[in-house]
>>> print(open('model.pdb').read())   # PDB, C-alpha atoms
ATOM      1  CA  MET A   1     128.546  98.642  78.220
ATOM      2  CA  LYS A   2     125.404 100.643  77.649
ATOM      3  CA  ALA A   3     125.494  99.449  74.032
ATOM      4  CA  LEU A   4     124.806  95.860  75.125
ATOM      5  CA  PHE A   5     121.775  96.814  77.202
ATOM      6  CA  TYR A   6     120.299  99.258  74.670
ATOM      7  CA  ARG A   7     120.573  98.277  71.021
ATOM      8  CA  LYS A   8     120.118 101.893  69.907
ATOM      9  CA  SER A   9     123.067 103.202  71.983
ATOM     10  CA  ASP A  10     126.159 104.687  70.407
ATOM     11  CA  THR A  11     129.201 102.387  70.476
ATOM     12  CA  LYS A  12     131.987 104.817  69.648
ATOM     13  CA  GLN A  13     133.226 105.471  73.194
ATOM     14  CA  LEU A  14     133.527 101.834  74.205
ATOM     15  CA  SER A  15     136.923 100.427  75.146
ATOM     16  CA  LYS A  16     137.004  97.107  73.293
ATOM     17  CA  ASP A  17     140.535  95.780  73.750
ATOM     18  CA  ASN A  18     139.814  93.760  76.885
ATOM     19  CA  ILE A  19     136.588  92.087  75.783
ATOM     20  CA  GLN A  20     136.430  88.506  74.513
ATOM     21  CA  LEU A  21     133.472  86.829  72.824
ATOM     22  CA  ASN A  22     132.909  83.082  72.867
ATOM     23  CA  TYR A  23     129.891  81.577  71.143
ATOM     24  CA  PHE A  24     128.474  78.089  71.687
ATOM     25  CA  ASN A  25     125.527  76.419  69.992
ATOM     26  CA  ASN A  26     124.527  74.435  73.071
ATOM     27  CA  ILE A  27     124.745  74.381  76.848
ATOM     28  CA  GLU A  28     127.006  71.325  77.016
ATOM     29  CA  ASP A  29     129.746  72.949  74.912
ATOM     30  CA  ALA A  30     129.484  76.157  76.946
ATOM     31  CA  LYS A  31     129.762  74.192  80.215
ATOM     32  CA  ASP A  32     132.812  72.341  78.874
ATOM     33  CA  TYR A  33     134.452  75.652  77.962
ATOM     34  CA  LEU A  34     133.628  77.242  81.327
ATOM     35  CA  GLY A  35     135.126  74.177  82.998
ATOM     36  CA  THR A  36     138.446  74.733  81.214
ATOM     37  CA  LEU A  37     138.887  78.276  82.491
ATOM     38  CA  ASP A  38     141.460  78.740  85.209
ATOM     39  CA  ASN A  39     139.593  79.773  88.357
ATOM     40  CA  GLN A  40     142.681  81.651  89.530
ATOM     41  CA  GLU A  41     142.697  83.811  86.391
ATOM     42  CA  TRP A  42     138.948  84.143  85.743
ATOM     43  CA  GLU A  43     136.010  84.818  88.051
ATOM     44  CA  ILE A  44     132.959  83.156  86.504
ATOM     45  CA  LEU A  45     129.880  84.955  87.775
ATOM     46  CA  ARG A  46     126.463  83.366  87.680
ATOM     47  CA  PHE A  47     122.979  84.689  88.238
ATOM     48  CA  THR A  48     121.538  84.326  91.700
ATOM     49  CA  PRO A  49     119.065  81.447  91.442
ATOM     50  CA  SER A  50     115.691  81.177  93.067
ATOM     51  CA  GLN A  51     115.629  79.060  96.195
ATOM     52  CA  TYR A  52     112.287  77.618  95.140
ATOM     53  CA  ASP A  53     112.058  77.378  91.349
ATOM     54  CA  ASN A  54     114.213  75.637  88.757
ATOM     55  CA  GLU A  55     115.458  78.358  86.405
ATOM     56  CA  HIS A  56     117.026  77.842  82.972
ATOM     57  CA  HIS A  57     120.364  79.482  83.850
ATOM     58  CA  LYS A  58     120.974  76.773  86.480
ATOM     59  CA  LYS A  59     121.655  74.344  83.595
ATOM     60  CA  TYR A  60     125.007  75.939  82.792
ATOM     61  CA  SER A  61     125.900  77.435  86.175
ATOM     62  CA  ASP A  62     128.420  75.747  88.417
ATOM     63  CA  PHE A  63     127.287  76.125  91.997
ATOM     64  CA  SER A  64     130.867  76.796  93.092
ATOM     65  CA  HIS A  65     130.884  80.110  91.194
ATOM     66  CA  LYS A  66     129.902  83.345  92.876
ATOM     67  CA  THR A  67     126.400  84.760  92.376
ATOM     68  CA  SER A  68     125.290  88.272  91.430
ATOM     69  CA  HIS A  69     124.095  88.959  94.970
ATOM     70  CA  GLY A  70     127.234  87.499  96.527
ATOM     71  CA  ILE A  71     129.600  89.889  94.736
ATOM     72  CA  ILE A  72     127.944  93.242  95.356
ATOM     73  CA  GLY A  73     130.677  95.769  96.108
ATOM     74  CA  GLN A  74     133.512  93.508  94.918
ATOM     75  CA  GLU A  75     135.670  93.797  91.806
ATOM     76  CA  PHE A  76     137.699  91.196  89.931
ATOM     77  CA  ASP A  77     140.449  91.547  87.343
ATOM     78  CA  ASN A  78     138.951  89.083  84.857
ATOM     79  CA  VAL A  79     135.243  88.277  84.739
ATOM     80  CA  VAL A  80     133.261  85.729  82.727
ATOM     81  CA  ILE A  81     129.542  86.283  82.132
ATOM     82  CA  THR A  82     127.046  84.159  80.212
ATOM     83  CA  LEU A  83     124.170  85.209  77.975
ATOM     84  CA  ASP A  84     121.819  82.421  76.970
ATOM     85  CA  ASN A  85     119.054  82.154  74.383
ATOM     86  CA  PHE A  86     116.495  83.737  76.716
ATOM     87  CA  PHE A  87     118.058  87.194  76.330
ATOM     88  CA  TYR A  88     116.550  89.341  73.567
ATOM     89  CA  TYR A  89     115.926  92.954  72.555
ATOM     90  CA  ASP A  90     112.381  94.248  72.859
ATOM     91  CA  GLU A  91     110.714  96.631  70.386
ATOM     92  CA  ASN A  92     112.434  99.594  72.093
ATOM     93  CA  GLY A  93     115.872  98.016  71.739
ATOM     94  CA  GLU A  94     116.200  97.233  75.459
ATOM     95  CA  LEU A  95     117.809  93.984  76.612
ATOM     96  CA  LYS A  96     115.268  91.700  78.286
ATOM     97  CA  TYR A  97     115.058  88.119  79.539
ATOM     98  CA  ARG A  98     112.117  85.956  78.486
ATOM     99  CA  GLY A  99     112.813  83.149  80.932
ATOM    100  CA  SER A 100     111.339  82.952  84.382
ATOM    101  CA  THR A 101     113.700  84.183  87.106
ATOM    102  CA  TYR A 102     113.117  85.247  90.668
ATOM    103  CA  TYR A 103     115.577  88.138  90.277
ATOM    104  CA  ASP A 104     115.710  90.356  87.171
ATOM    105  CA  ALA A 105     118.263  88.708  84.831
ATOM    106  CA  ALA A 106     119.194  91.912  82.969
ATOM    107  CA  LYS A 107     119.934  93.670  86.259
ATOM    108  CA  MET A 108     122.017  90.737  87.480
ATOM    109  CA  LEU A 109     123.900  90.798  84.171
ATOM    110  CA  PHE A 110     124.610  94.505  84.688
ATOM    111  CA  GLN A 111     125.809  93.803  88.233
ATOM    112  CA  ASN A 112     128.129  91.044  87.010
ATOM    113  CA  ILE A 113     129.621  93.109  84.177
ATOM    114  CA  THR A 114     130.306  96.086  86.427
ATOM    115  CA  ARG A 115     132.485  93.911  88.684
ATOM    116  CA  THR A 116     135.155  93.767  85.931
ATOM    117  CA  ARG A 117     138.440  95.637  86.374
ATOM    118  CA  LYS A 118     140.518  94.438  83.398
ATOM    119  CA  LYS A 119     139.097  91.726  81.111
ATOM    120  CA  LEU A 120     135.557  90.660  80.311
ATOM    121  CA  ASN A 121     134.842  87.287  78.700
ATOM    122  CA  ILE A 122     131.311  87.116  77.278
ATOM    123  CA  VAL A 123     130.052  83.573  76.741
ATOM    124  CA  ILE A 124     126.999  83.489  74.475
ATOM    125  CA  ILE A 125     124.915  80.325  74.336
ATOM    126  CA  ASN A 126     122.746  79.740  71.254
ATOM    127  CA  ASN A 127     121.736  83.375  70.751
ATOM    128  CA  SER A 128     122.649  84.812  67.355
ATOM    129  CA  GLU A 129     120.814  88.096  68.052
ATOM    130  CA  ILE A 130     123.047  88.838  71.051
ATOM    131  CA  LEU A 131     126.134  87.639  69.181
ATOM    132  CA  ASP A 132     125.371  89.978  66.259
ATOM    133  CA  ARG A 133     124.925  92.913  68.634
ATOM    134  CA  CYS A 134     128.161  92.180  70.489
ATOM    135  CA  VAL A 135     130.116  91.831  67.232
ATOM    136  CA  SER A 136     128.719  95.111  65.902
ATOM    137  CA  VAL A 137     129.565  96.880  69.177
ATOM    138  CA  LEU A 138     133.134  95.536  69.127
ATOM    139  CA  LYS A 139     133.606  96.496  65.455
ATOM    140  CA  GLY A 140     131.994  99.897  66.153
TER     141      GLY A 140
END
>>> encode(input="model.pdb", output="structure tokens")
Amino acid sequence: MKALFYRKSDTKQLSKDNIQLNYFNNIEDAKDYLGTLDNQEWEILRFTPSQYDNEHHKKYSDFSHKTSHGIIGQEFDNVVITLDNFFYYDENGELKYRGSTYYDAAKMLFQNITRTRKKLNIVIINNSEILDRCVSVLKG
């Protein structure tokens, strides 16, 4: 998992068998896909939104799904996380979020990923940089 958050990390010790990648060019297609997932099999985790500001990740988040802050201390067999086009790697190779969020998006992403027991489904929305990194980590 460290390899996703730090582009310069080694990927050789990563267990890759239980990780799925799904890429979508736009929010609508990603929302359609997320809507087809069986809520009994998959736990779709969303970022905790601001109570005051309209944040980009709200566009593809279903308000019935659990938030990063609502799942602290819990684990789920199969977890779905989303990475949109606001995620990027800075000059040091660290994963950052260029959108405005009340809570740190990279930290919420970490929280959501660490709730996974068995399978992780990574949904990438219009972000070829993140897709390329994930593919290289999984090929590693």
>>> closest_residue(input="model.pdb", among="A:Asn121, A:Glu41, A:Ser68, A:Tyr23", to="Asp84 of chain A", atoms="all atoms listed in the file")
A:Tyr23
>>> closest_residue(input="model.pdb", among="A:Leu138, A:Glu75, A:Leu120, A:Pro49", to="Tyr102 of chain A", atoms="only C-alpha atoms")
A:Pro49
>>> atom_distance(input="model.pdb", atom1="atom CA of Ile125 of chain A", atom2="atom CA of Ile27 of chain A")
6.5 Å
>>> closest_residue(input="model.pdb", among="A:Phe24, A:Tyr103, A:Phe86, A:Tyr97", to="Ile122 of chain A", atoms="only C-alpha atoms")
A:Phe24
>>> atom_distance(input="model.pdb", atom1="atom CA of Glu43 of chain A", atom2="atom CA of Ile81 of chain A")
8.9 Å
>>> resolve_selection(input="model.pdb", expression="the PyMOL selection byres ((chain A and resi 79) around 8)", output="PyMOL selection string")
chain A and resi 42-45+76-78+80-81+112-113+115-116+119-121
>>> resolve_selection(input="model.pdb", expression="the PyMOL selection byres ((chain A and resi 105) around 12)", output="PyMOL selection string")
chain A and resi 5+46-50+55-57+67-69+81-84+86-88+95-104+106-112
>>> atom_distance(input="model.pdb", atom1="atom CA of Arg7 of chain A", atom2="atom CA of Asn92 of chain A")
8.3 Å
>>> closest_residue(input="model.pdb", among="A:Gly70, A:Gln40, A:Tyr6, A:Lys118", to="Asp90 of chain A", atoms="all atoms listed in the file")
A:Tyr6
>>> decode(input="model.pdb", residues="segment 15-109 of chain A", atoms="C-alpha atoms", output="compact mmCIF listing (two decimals), in the first residue's frame")
# COMPACT_ATOMS: atom_id res chain seq x y z
CA SER A 15 0.31 -8.83 -2.16
CA LYS A 16 -1.50 -8.15 -5.43
CA ASP A 17 -3.92 -11.05 -5.88
CA ASN A 18 -6.87 -9.39 -4.15
CA ILE A 19 -6.67 -5.97 -5.79
CA GLN A 20 -8.90 -4.91 -8.68
CA LEU A 21 -8.50 -1.81 -10.83
CA ASN A 22 -11.39 -0.16 -12.65
CA TYR A 23 -10.81 2.94 -14.75
CA PHE A 24 -13.46 5.38 -15.97
CA ASN A 25 -13.06 8.46 -18.13
CA ASN A 26 -15.86 10.37 -16.42
CA ILE A 27 -17.83 10.63 -13.20
CA GLU A 28 -21.11 9.41 -14.70
CA ASP A 29 -19.62 6.08 -15.83
CA ALA A 30 -17.93 5.62 -12.45
CA LYS A 31 -21.22 6.33 -10.63
CA ASP A 32 -23.03 3.83 -12.86
CA TYR A 33 -20.41 1.19 -12.06
CA LEU A 34 -20.51 1.90 -8.32
CA GLY A 35 -24.29 1.59 -8.49
CA THR A 36 -24.01 -1.94 -9.91
CA LEU A 37 -21.90 -3.25 -7.05
CA ASP A 38 -23.67 -5.50 -4.60
CA ASN A 39 -23.79 -3.66 -1.27
CA GLN A 40 -23.81 -7.01 0.54
CA GLU A 41 -20.52 -8.04 -1.09
CA TRP A 42 -18.75 -4.66 -1.30
CA GLU A 43 -18.41 -1.80 1.18
CA ILE A 44 -18.03 1.40 -0.85
CA LEU A 45 -16.22 3.93 1.30
CA ARG A 46 -16.39 7.63 0.59
CA PHE A 47 -14.49 10.61 1.90
CA THR A 48 -16.03 12.49 4.78
CA PRO A 49 -17.46 15.66 3.23
CA SER A 50 -17.41 19.13 4.66
CA GLN A 51 -20.64 20.19 6.29
CA TYR A 52 -20.24 23.66 4.82
CA ASP A 53 -18.50 23.49 1.44
CA ASN A 54 -19.32 21.66 -1.78
CA GLU A 55 -16.35 19.39 -2.50
CA HIS A 56 -15.58 17.65 -5.80
CA HIS A 57 -15.74 14.10 -4.38
CA LYS A 58 -19.42 14.64 -3.50
CA LYS A 59 -20.19 14.37 -7.24
CA TYR A 60 -19.56 10.63 -7.30
CA SER A 61 -20.29 9.74 -3.67
CA ASP A 62 -23.56 8.12 -2.70
CA PHE A 63 -24.65 9.51 0.63
CA SER A 64 -25.77 6.05 1.74
CA HIS A 65 -22.15 4.83 1.77
CA LYS A 66 -20.04 5.00 4.89
CA THR A 67 -17.54 7.84 5.34
CA SER A 68 -13.87 7.74 6.35
CA HIS A 69 -14.68 9.09 9.80
CA GLY A 70 -17.62 6.73 10.26
CA ILE A 71 -15.54 3.57 9.80
CA ILE A 72 -12.60 4.22 12.10
CA GLY A 73 -11.78 0.97 13.89
CA GLN A 74 -13.93 -1.19 11.59
CA GLU A 75 -12.85 -3.69 8.95
CA PHE A 76 -14.68 -5.07 5.92
CA ASP A 77 -14.00 -8.09 3.73
CA ASN A 78 -14.31 -6.23 0.42
CA VAL A 79 -13.73 -2.49 0.09
CA VAL A 80 -14.19 -0.10 -2.83
CA ILE A 81 -12.27 3.19 -2.88
CA THR A 82 -12.27 5.95 -5.49
CA LEU A 83 -9.41 8.10 -6.75
CA ASP A 84 -10.43 11.03 -8.91
CA ASN A 85 -8.51 13.42 -11.14
CA PHE A 86 -7.56 15.66 -8.21
CA PHE A 87 -5.06 13.11 -6.88
CA TYR A 88 -1.48 13.57 -8.11
CA TYR A 89 2.15 12.97 -7.14
CA ASP A 90 4.17 15.98 -6.06
CA GLU A 91 7.84 16.56 -6.91
CA ASN A 92 8.87 14.25 -4.03
CA GLY A 93 6.67 11.42 -5.30
CA GLU A 94 4.11 11.79 -2.50
CA LEU A 95 0.40 11.36 -3.21
CA LYS A 96 -1.48 14.65 -2.79
CA TYR A 97 -4.93 16.06 -3.50
CA ARG A 98 -5.24 19.36 -5.35
CA GLY A 99 -8.94 19.82 -4.69
CA SER A 100 -10.33 21.69 -1.74
CA THR A 101 -11.41 19.42 1.12
CA TYR A 102 -12.11 20.08 4.75
CA TYR A 103 -10.35 16.84 5.75
CA ASP A 104 -7.07 15.69 4.18
CA ALA A 105 -8.06 13.48 1.21
CA ALA A 106 -4.84 11.42 1.17
CA LYS A 107 -5.26 10.60 4.85
CA MET A 108 -8.90 9.64 4.33
CA LEU A 109 -7.82 7.44 1.42
